[in-house]
Amino acid sequence: MKSTTAERMNHTIFVLVTLLYWCSLYVYVPILSPYLDHLGASYTMAGIVLGSYGLTQIALRLPLGITSDRLKSRKPFILLGMLCTAASCLCFALGEQLGWAFAGRVLSGVGASTWVAFTVMYAGLYRGEQATRAMGTISLLTVAGQLFGMSMSGYLVKFGGWNAAFWTGAVIGLAGLALAFLLKEPKESGDRSPMRFADLAPVMKDRLLLKVSSLSILAHSVLFITMFGFTPSYALSLGADEAGLTLLVFAFMIPHAVSSFMTGKVFAPRFGAWNVVLLGFAVSAVCSAATSLVPGFGLLLLTQAVNGFFQGLHFPLLLGLSIQHIPEQKRATAMGLYQAVYAIGMFAGPFLAGGLNEWAGLKSGFYLAGVFGAIAVGLTLFWFRPRRQRSDASQPSLSR
């Protein structure tokens with residue numbers, strides 16, 4: 001009985017830490033591009049700051065995952081992740097300068113790079129046959145933490161100024177760090193070989209994994225140009241106030257969460273995974289490009305609701321499709337590679353959009369997002385048309 005109680009307590013602590021982790025990482029995301037405008041950043045510089053979050057993950061996600069796997073220890077990396085999320089917010093709060101903003105965003109990328117340790121530790125809290133349930137649950141925790149954090153940012157800025165969002169994120173991160181010290185690592189089975197750099201070569205030769213990863217780069221490029229990039233700045237240019245950014249968050253994130261939950265359970269089994277991926281890319285491409293054409297904030301909310309829903313269709317399916325054909329003993333390596341590769345989109349999307357916005361104005365970045373979505377549609381048709389009807393459903397999304 002004591003063991004059961006202890007396990008439940010450990011599970012509860014992990015859930016709270018995960019919620020605080022994503023909340024701290026995303027509490028300032030909706031106001032980040034407006035804040036950079038406030039600091040006088042050019043669109044090019046804003047793109048660099050926004051993209052540094054992904055660039056850091058490109059460099060660190062896979063090495064941190066492999067190191068954690070070889071050490072068979074997750075807690076130190078979870079502590080590192082919580083510390084970096086808090087430090088990221090402190091950098092923003094303590095210095096109203098572009099240099100501090102860049103440092104803060106880099107630190108947030110370091111914190112996000114530790115996410116693989118969270119997922120592996122959480123899976124260890126479940127029996128082997130319940131692994132799918134564990135990933136579905138942690139996917140829901142991810143969206144819940146992001147939504148809670150992002151929904152607060154507009155009101156915090158409205159009533160407390162820019163720094164209110166950053167100080168709140170720092171406090172949330174430190175609270176998560178304190179709780180994380182109470183976590184107890186589950187015992188891992190001894191029959192699983194740790195992930196190694198040497199395992200990457202054969203996995204990197206898998207054509208399907210590389211194709212799906214390429215599509216995920218485009219998907220993340222679109223997301224980090226739009227809602228996680230320049231859409232909040234565009235909303236303010238249309239007359240929205242800081243509190244209106246909260247409505248923007250809800251308009252995008254709630255449909256996004258609903259479709260992410262339903263796509264693998266309802267849509268993919270009925271219509272085929274690749275058909276759903278294709279539809280998600282097609283509609284999100286149109287909505288992203290159309291963002292630049294809306295004349296008012298009300299219509300912007302409508303486009304973001306549709307965009308959020310259809311972007312939520314392909315993220316979970318691409319994740320599952322990236323590993324469903326990979327042998328069990330190589331799936332950890334494949335997942336680590338996949339997560340490191342799609343981080344390219346987190347960097348390239350806002351970086352390229354920032355440079356384009358500098359040259360042709362804020363609206364041009366949304367056209368670029370539409371182009372990326374259209375390219376993804378073309379590649380999906382070219383690569384997967386013969387197999388779309390027979391594709392299986394995938395597992396829920398683990399992160400962003």
# chains A, B, ... in the order shown; residues from 1 in each chain; ligands from 1
>>> select_by_dssp(residues="range 140-355 of chain A", states="alpha helix (DSSP H)", output="MDAnalysis selection string")
chainID A and resid 140:160 162:180 200:204 207:225 231:237 244:262 268:271 273:290 297:323 331:355
>>> atom_distance(atom1="CA of Lys211 in chain A", atom2="CA of Leu356 in chain A")
26.6 Å
>>> atom_distance(atom1="CA of Leu94 in chain A", atom2="CA of Leu50 in chain A")
18.7 Å
>>> residues_around(residues="range 170-181 of chain A", least_positions_apart="3", cutoff="8 Å", atoms="only C-alpha atoms", output="PyMOL selection string")
chain A and resi 13-14+16-18+20-21+23-24+75+78-79+82-83+85-90+166-167
>>> atom_distance(atom1="CA of Thr137 in chain A", atom2="CA of Pro255 in chain A")
17.8 Å
>>> closest_residue(among="A:Tyr35, A:Phe384, A:Tyr43, A:Phe118", to="Ser73 in chain A", atoms="only C-alpha atoms")
A:Phe118
>>> residues_around(residues="range 295-310 of chain A", least_positions_apart="2", cutoff="10 Å", atoms="only C-alpha atoms", output="PDB file with C-alpha atoms, in the first residue's frame")
ATOM      1  CA  LEU A 223       3.807  27.322 -36.642  1.00  0.00           C
ATOM      2  CA  THR A 226       2.491  32.366 -37.252  1.00  0.00           C
ATOM      3  CA  MET A 227       1.128  31.840 -33.735  1.00  0.00           C
ATOM      4  CA  THR A 231       0.843  36.751 -35.509  1.00  0.00           C
ATOM      5  CA  TYR A 234       0.068  41.584 -36.487  1.00  0.00           C
ATOM      6  CA  ALA A 235      -2.874  41.403 -34.079  1.00  0.00           C
ATOM      7  CA  LEU A 236      -1.641  44.537 -32.300  1.00  0.00           C
ATOM      8  CA  SER A 237      -1.279  46.301 -35.639  1.00  0.00           C
ATOM      9  CA  LEU A 238      -4.958  45.574 -36.280  1.00  0.00           C
ATOM     10  CA  GLY A 239      -5.952  47.333 -33.079  1.00  0.00           C
ATOM     11  CA  ALA A 240      -5.939  44.526 -30.511  1.00  0.00           C
ATOM     12  CA  GLY A 244      -6.836  40.768 -26.921  1.00  0.00           C
ATOM     13  CA  LEU A 245      -3.767  38.581 -27.250  1.00  0.00           C
ATOM     14  CA  LEU A 247      -8.367  35.853 -27.105  1.00  0.00           C
ATOM     15  CA  LEU A 248      -5.912  35.154 -29.911  1.00  0.00           C
ATOM     16  CA  VAL A 249      -4.284  32.405 -27.844  1.00  0.00           C
ATOM     17  CA  PHE A 250      -7.612  30.762 -27.069  1.00  0.00           C
ATOM     18  CA  ALA A 251      -8.750  31.075 -30.688  1.00  0.00           C
ATOM     19  CA  PHE A 252      -5.697  29.158 -31.906  1.00  0.00           C
ATOM     20  CA  MET A 253      -4.797  26.800 -29.065  1.00  0.00           C
ATOM     21  CA  ILE A 254      -8.193  25.343 -28.127  1.00  0.00           C
ATOM     22  CA  PRO A 255      -9.031  24.102 -31.654  1.00  0.00           C
ATOM     23  CA  HIS A 256      -5.385  23.016 -31.956  1.00  0.00           C
ATOM     24  CA  ALA A 257      -5.691  20.889 -28.806  1.00  0.00           C
ATOM     25  CA  VAL A 258      -9.023  19.402 -29.896  1.00  0.00           C
ATOM     26  CA  SER A 259      -7.772  18.339 -33.322  1.00  0.00           C
ATOM     27  CA  SER A 260      -4.483  17.001 -31.890  1.00  0.00           C
ATOM     28  CA  THR A 263      -6.703  13.133 -35.277  1.00  0.00           C
ATOM     29  CA  VAL A 276      -5.451  13.860 -42.980  1.00  0.00           C
ATOM     30  CA  VAL A 277      -1.847  15.105 -43.119  1.00  0.00           C
ATOM     31  CA  LEU A 279      -5.647  18.211 -45.581  1.00  0.00           C
ATOM     32  CA  GLY A 280      -3.953  19.730 -42.540  1.00  0.00           C
ATOM     33  CA  PHE A 281      -1.128  21.173 -44.618  1.00  0.00           C
ATOM     34  CA  ALA A 282      -3.450  22.428 -47.367  1.00  0.00           C
ATOM     35  CA  VAL A 283      -5.836  24.358 -45.112  1.00  0.00           C
ATOM     36  CA  SER A 284      -3.089  25.687 -42.833  1.00  0.00           C
ATOM     37  CA  ALA A 285      -1.228  26.971 -45.907  1.00  0.00           C
ATOM     38  CA  VAL A 286      -4.307  28.871 -47.058  1.00  0.00           C
ATOM     39  CA  CYS A 287      -5.077  30.235 -43.589  1.00  0.00           C
ATOM     40  CA  SER A 288      -1.475  31.297 -42.973  1.00  0.00           C
ATOM     41  CA  ALA A 290      -4.768  34.662 -45.715  1.00  0.00           C
ATOM     42  CA  THR A 291      -3.688  36.074 -42.350  1.00  0.00           C
ATOM     43  CA  SER A 292      -2.074  38.991 -44.162  1.00  0.00           C
ATOM     44  CA  LEU A 293      -5.354  39.821 -45.937  1.00  0.00           C
ATOM     45  CA  GLY A 312      -3.279  20.225 -35.037  1.00  0.00           C
ATOM     46  CA  LEU A 313      -4.153  17.489 -37.525  1.00  0.00           C
ATOM     47  CA  HIS A 314      -0.701  16.782 -38.915  1.00  0.00           C
ATOM     48  CA  PHE A 315       1.650  17.245 -35.947  1.00  0.00           C
TER      49      PHE A 315
END
>>> residues_around(residues="Ala348 in chain A", least_positions_apart="4", cutoff="7 Å", atoms="only C-alpha atoms", output="PyMOL selection string")
chain A and resi 51+221+344+352
>>> write_last_selection(atoms="N, CA and C atoms", output="PDB file, in the first residue's frame")
ATOM      1  N   GLY A  51      14.100  32.657 -33.608  1.00  0.00           N
ATOM      2  CA  GLY A  51      14.641  31.420 -34.135  1.00  0.00           C
ATOM      3  C   GLY A  51      15.705  30.776 -33.274  1.00  0.00           C
ATOM      4  N   SER A 221       8.019  25.243 -39.220  1.00  0.00           N
ATOM      5  CA  SER A 221       8.298  26.560 -39.794  1.00  0.00           C
ATOM      6  C   SER A 221       7.027  27.403 -39.833  1.00  0.00           C
ATOM      7  N   ILE A 344      14.839  22.345 -36.784  1.00  0.00           N
ATOM      8  CA  ILE A 344      15.303  23.209 -37.874  1.00  0.00           C
ATOM      9  C   ILE A 344      14.196  24.174 -38.273  1.00  0.00           C
ATOM     10  N   LEU A 352      13.852  33.246 -41.448  1.00  0.00           N
ATOM     11  CA  LEU A 352      13.596  33.657 -42.826  1.00  0.00           C
ATOM     12  C   LEU A 352      12.450  34.655 -42.911  1.00  0.00           C
TER      13      LEU A 352
END
>>> closest_atom_pairs(of="range 194-252 of chain A", to="range 153-163 of chain A", cutoff="6 Å", atoms="only C-alpha atoms", output="tab-separated table")
residue	atom	partner	partner_atom	distance
A:Glu242	CA	A:Gly154	CA	4.6
A:Ala243	CA	A:Gly154	CA	4.6
A:Leu245	CA	A:Gly154	CA	5.3
A:Thr246	CA	A:Gly154	CA	5.4
>>> write_last_selection(atoms="N, CA and C atoms", output="JSON list (two decimals), in the first residue's frame")
[["chain", "number", "residue", "atom", "x", "y", "z"],
["A", 242, "GLU", "N", -3.39, 44.37, -25.36],
["A", 242, "GLU", "CA", -2.66, 43.24, -24.77],
["A", 242, "GLU", "C", -3.61, 42.13, -24.32],
["A", 243, "ALA", "N", -4.78, 42.51, -23.77],
["A", 243, "ALA", "CA", -5.74, 41.50, -23.35],
["A", 243, "ALA", "C", -6.30, 40.76, -24.56],
["A", 245, "LEU", "N", -4.67, 39.68, -26.93],
["A", 245, "LEU", "CA", -3.77, 38.58, -27.25],
["A", 245, "LEU", "C", -4.21, 37.29, -26.58],
["A", 246, "THR", "N", -4.88, 37.42, -25.42],
["A", 246, "THR", "CA", -5.41, 36.23, -24.75],
["A", 246, "THR", "C", -6.48, 35.58, -25.61]]
>>> closest_residue(among="A:Ala112, A:Ala41, A:Leu321, A:Val371", to="Thr142 in chain A", atoms="only C-alpha atoms")
A:Ala112
>>> decode(residues="range 222-236 of chain A", atoms="all heavy atoms", output="PDB file, in the first residue's frame")
ATOM      1  N   VAL A 222       5.934  26.787 -40.280  1.00  0.00           N
ATOM      2  CA  VAL A 222       4.658  27.504 -40.354  1.00  0.00           C
ATOM      3  C   VAL A 222       4.205  27.928 -38.962  1.00  0.00           C
ATOM      4  O   VAL A 222       3.808  29.084 -38.743  1.00  0.00           O
ATOM      5  CB  VAL A 222       3.585  26.621 -41.029  1.00  0.00           C
ATOM      6  CG1 VAL A 222       2.216  27.291 -40.950  1.00  0.00           C
ATOM      7  CG2 VAL A 222       3.954  26.342 -42.478  1.00  0.00           C
ATOM      8  N   LEU A 223       4.272  27.017 -37.995  1.00  0.00           N
ATOM      9  CA  LEU A 223       3.807  27.322 -36.642  1.00  0.00           C
ATOM     10  C   LEU A 223       4.612  28.445 -36.007  1.00  0.00           C
ATOM     11  O   LEU A 223       4.056  29.349 -35.368  1.00  0.00           O
ATOM     12  CB  LEU A 223       3.899  26.062 -35.773  1.00  0.00           C
ATOM     13  CG  LEU A 223       3.477  26.222 -34.303  1.00  0.00           C
ATOM     14  CD1 LEU A 223       2.011  26.626 -34.201  1.00  0.00           C
ATOM     15  CD2 LEU A 223       3.739  24.939 -33.527  1.00  0.00           C
ATOM     16  N   PHE A 224       5.938  28.423 -36.188  1.00  0.00           N
ATOM     17  CA  PHE A 224       6.786  29.410 -35.516  1.00  0.00           C
ATOM     18  C   PHE A 224       6.896  30.716 -36.307  1.00  0.00           C
ATOM     19  O   PHE A 224       7.480  31.673 -35.805  1.00  0.00           O
ATOM     20  CB  PHE A 224       8.157  28.800 -35.223  1.00  0.00           C
ATOM     21  CG  PHE A 224       8.157  27.970 -33.961  1.00  0.00           C
ATOM     22  CD1 PHE A 224       7.628  26.694 -33.958  1.00  0.00           C
ATOM     23  CD2 PHE A 224       8.643  28.487 -32.778  1.00  0.00           C
ATOM     24  CE1 PHE A 224       7.593  25.932 -32.791  1.00  0.00           C
ATOM     25  CE2 PHE A 224       8.620  27.745 -31.607  1.00  0.00           C
ATOM     26  CZ  PHE A 224       8.089  26.463 -31.611  1.00  0.00           C
ATOM     27  N   ILE A 225       6.351  30.764 -37.502  1.00  0.00           N
ATOM     28  CA  ILE A 225       6.162  32.038 -38.184  1.00  0.00           C
ATOM     29  C   ILE A 225       4.863  32.684 -37.727  1.00  0.00           C
ATOM     30  O   ILE A 225       4.791  33.895 -37.523  1.00  0.00           O
ATOM     31  CB  ILE A 225       6.123  31.850 -39.716  1.00  0.00           C
ATOM     32  CG1 ILE A 225       7.511  31.500 -40.258  1.00  0.00           C
ATOM     33  CG2 ILE A 225       5.630  33.131 -40.407  1.00  0.00           C
ATOM     34  CD1 ILE A 225       7.520  31.127 -41.733  1.00  0.00           C
ATOM     35  N   THR A 226       3.834  31.856 -37.529  1.00  0.00           N
ATOM     36  CA  THR A 226       2.491  32.366 -37.252  1.00  0.00           C
ATOM     37  C   THR A 226       2.261  32.545 -35.754  1.00  0.00           C
ATOM     38  O   THR A 226       2.713  33.524 -35.169  1.00  0.00           O
ATOM     39  CB  THR A 226       1.443  31.445 -37.900  1.00  0.00           C
ATOM     40  OG1 THR A 226       1.640  30.080 -37.460  1.00  0.00           O
ATOM     41  CG2 THR A 226       1.565  31.483 -39.411  1.00  0.00           C
ATOM     42  N   MET A 227       1.565  31.628 -35.118  1.00  0.00           N
ATOM     43  CA  MET A 227       1.128  31.840 -33.735  1.00  0.00           C
ATOM     44  C   MET A 227       2.290  31.982 -32.766  1.00  0.00           C
ATOM     45  O   MET A 227       2.238  32.777 -31.828  1.00  0.00           O
ATOM     46  CB  MET A 227       0.221  30.685 -33.290  1.00  0.00           C
ATOM     47  CG  MET A 227      -0.442  30.923 -31.950  1.00  0.00           C
ATOM     48  SD  MET A 227      -1.506  32.386 -31.970  1.00  0.00           S
ATOM     49  CE  MET A 227      -1.204  33.030 -30.330  1.00  0.00           C
ATOM     50  N   PHE A 228       3.339  31.212 -32.940  1.00  0.00           N
ATOM     51  CA  PHE A 228       4.490  31.292 -32.043  1.00  0.00           C
ATOM     52  C   PHE A 228       5.537  32.279 -32.552  1.00  0.00           C
ATOM     53  O   PHE A 228       6.663  32.281 -32.067  1.00  0.00           O
ATOM     54  CB  PHE A 228       5.127  29.909 -31.871  1.00  0.00           C
ATOM     55  CG  PHE A 228       4.256  28.928 -31.110  1.00  0.00           C
ATOM     56  CD1 PHE A 228       4.606  27.589 -31.036  1.00  0.00           C
ATOM     57  CD2 PHE A 228       3.090  29.331 -30.486  1.00  0.00           C
ATOM     58  CE1 PHE A 228       3.820  26.676 -30.349  1.00  0.00           C
ATOM     59  CE2 PHE A 228       2.282  28.432 -29.800  1.00  0.00           C
ATOM     60  CZ  PHE A 228       2.656  27.093 -29.736  1.00  0.00           C
ATOM     61  N   GLY A 229       5.152  33.085 -33.528  1.00  0.00           N
ATOM     62  CA  GLY A 229       6.070  34.060 -34.094  1.00  0.00           C
ATOM     63  C   GLY A 229       5.464  35.437 -34.218  1.00  0.00           C
ATOM     64  O   GLY A 229       5.352  36.173 -33.245  1.00  0.00           O
ATOM     65  N   PHE A 230       4.992  35.784 -35.441  1.00  0.00           N
ATOM     66  CA  PHE A 230       4.634  37.162 -35.742  1.00  0.00           C
ATOM     67  C   PHE A 230       3.138  37.467 -35.718  1.00  0.00           C
ATOM     68  O   PHE A 230       2.756  38.623 -35.849  1.00  0.00           O
ATOM     69  CB  PHE A 230       5.200  37.534 -37.121  1.00  0.00           C
ATOM     70  CG  PHE A 230       6.704  37.558 -37.164  1.00  0.00           C
ATOM     71  CD1 PHE A 230       7.423  36.495 -37.694  1.00  0.00           C
ATOM     72  CD2 PHE A 230       7.404  38.640 -36.646  1.00  0.00           C
ATOM     73  CE1 PHE A 230       8.810  36.517 -37.724  1.00  0.00           C
ATOM     74  CE2 PHE A 230       8.791  38.673 -36.671  1.00  0.00           C
ATOM     75  CZ  PHE A 230       9.502  37.609 -37.213  1.00  0.00           C
ATOM     76  N   THR A 231       2.287  36.470 -35.553  1.00  0.00           N
ATOM     77  CA  THR A 231       0.843  36.751 -35.509  1.00  0.00           C
ATOM     78  C   THR A 231       0.465  37.697 -34.380  1.00  0.00           C
ATOM     79  O   THR A 231      -0.371  38.596 -34.586  1.00  0.00           O
ATOM     80  CB  THR A 231       0.042  35.442 -35.416  1.00  0.00           C
ATOM     81  OG1 THR A 231       0.337  34.612 -36.544  1.00  0.00           O
ATOM     82  CG2 THR A 231      -1.455  35.727 -35.396  1.00  0.00           C
ATOM     83  N   PRO A 232       1.012  37.567 -33.163  1.00  0.00           N
ATOM     84  CA  PRO A 232       0.658  38.535 -32.113  1.00  0.00           C
ATOM     85  C   PRO A 232       0.995  39.981 -32.491  1.00  0.00           C
ATOM     86  O   PRO A 232       0.213  40.898 -32.194  1.00  0.00           O
ATOM     87  CB  PRO A 232       1.479  38.061 -30.910  1.00  0.00           C
ATOM     88  CG  PRO A 232       1.632  36.596 -31.114  1.00  0.00           C
ATOM     89  CD  PRO A 232       1.820  36.453 -32.604  1.00  0.00           C
ATOM     90  N   SER A 233       2.126  40.208 -33.130  1.00  0.00           N
ATOM     91  CA  SER A 233       2.467  41.567 -33.567  1.00  0.00           C
ATOM     92  C   SER A 233       1.465  42.069 -34.592  1.00  0.00           C
ATOM     93  O   SER A 233       1.056  43.242 -34.569  1.00  0.00           O
ATOM     94  CB  SER A 233       3.880  41.596 -34.172  1.00  0.00           C
ATOM     95  OG  SER A 233       4.862  41.463 -33.175  1.00  0.00           O
ATOM     96  N   TYR A 234       1.050  41.183 -35.492  1.00  0.00           N
ATOM     97  CA  TYR A 234       0.068  41.584 -36.487  1.00  0.00           C
ATOM     98  C   TYR A 234      -1.278  41.902 -35.837  1.00  0.00           C
ATOM     99  O   TYR A 234      -1.981  42.834 -36.256  1.00  0.00           O
ATOM    100  CB  TYR A 234      -0.083  40.479 -37.530  1.00  0.00           C
ATOM    101  CG  TYR A 234      -0.925  40.875 -38.715  1.00  0.00           C
ATOM    102  CD1 TYR A 234      -0.552  41.937 -39.538  1.00  0.00           C
ATOM    103  CD2 TYR A 234      -2.096  40.189 -39.028  1.00  0.00           C
ATOM    104  CE1 TYR A 234      -1.321  42.307 -40.630  1.00  0.00           C
ATOM    105  CE2 TYR A 234      -2.868  40.550 -40.116  1.00  0.00           C
ATOM    106  CZ  TYR A 234      -2.476  41.610 -40.911  1.00  0.00           C
ATOM    107  OH  TYR A 234      -3.245  41.977 -41.997  1.00  0.00           O
ATOM    108  N   ALA A 235      -1.630  41.136 -34.796  1.00  0.00           N
ATOM    109  CA  ALA A 235      -2.874  41.403 -34.079  1.00  0.00           C
ATOM    110  C   ALA A 235      -2.863  42.794 -33.468  1.00  0.00           C
ATOM    111  O   ALA A 235      -3.862  43.527 -33.526  1.00  0.00           O
ATOM    112  CB  ALA A 235      -3.091  40.351 -32.993  1.00  0.00           C
ATOM    113  N   LEU A 236      -1.748  43.190 -32.878  1.00  0.00           N
ATOM    114  CA  LEU A 236      -1.641  44.537 -32.300  1.00  0.00           C
ATOM    115  C   LEU A 236      -1.729  45.609 -33.375  1.00  0.00           C
ATOM    116  O   LEU A 236      -2.314  46.680 -33.153  1.00  0.00           O
ATOM    117  CB  LEU A 236      -0.336  44.670 -31.518  1.00  0.00           C
ATOM    118  CG  LEU A 236      -0.194  43.801 -30.259  1.00  0.00           C
ATOM    119  CD1 LEU A 236       1.157  44.042 -29.602  1.00  0.00           C
ATOM    120  CD2 LEU A 236      -1.318  44.077 -29.270  1.00  0.00           C
TER     121      LEU A 236
END
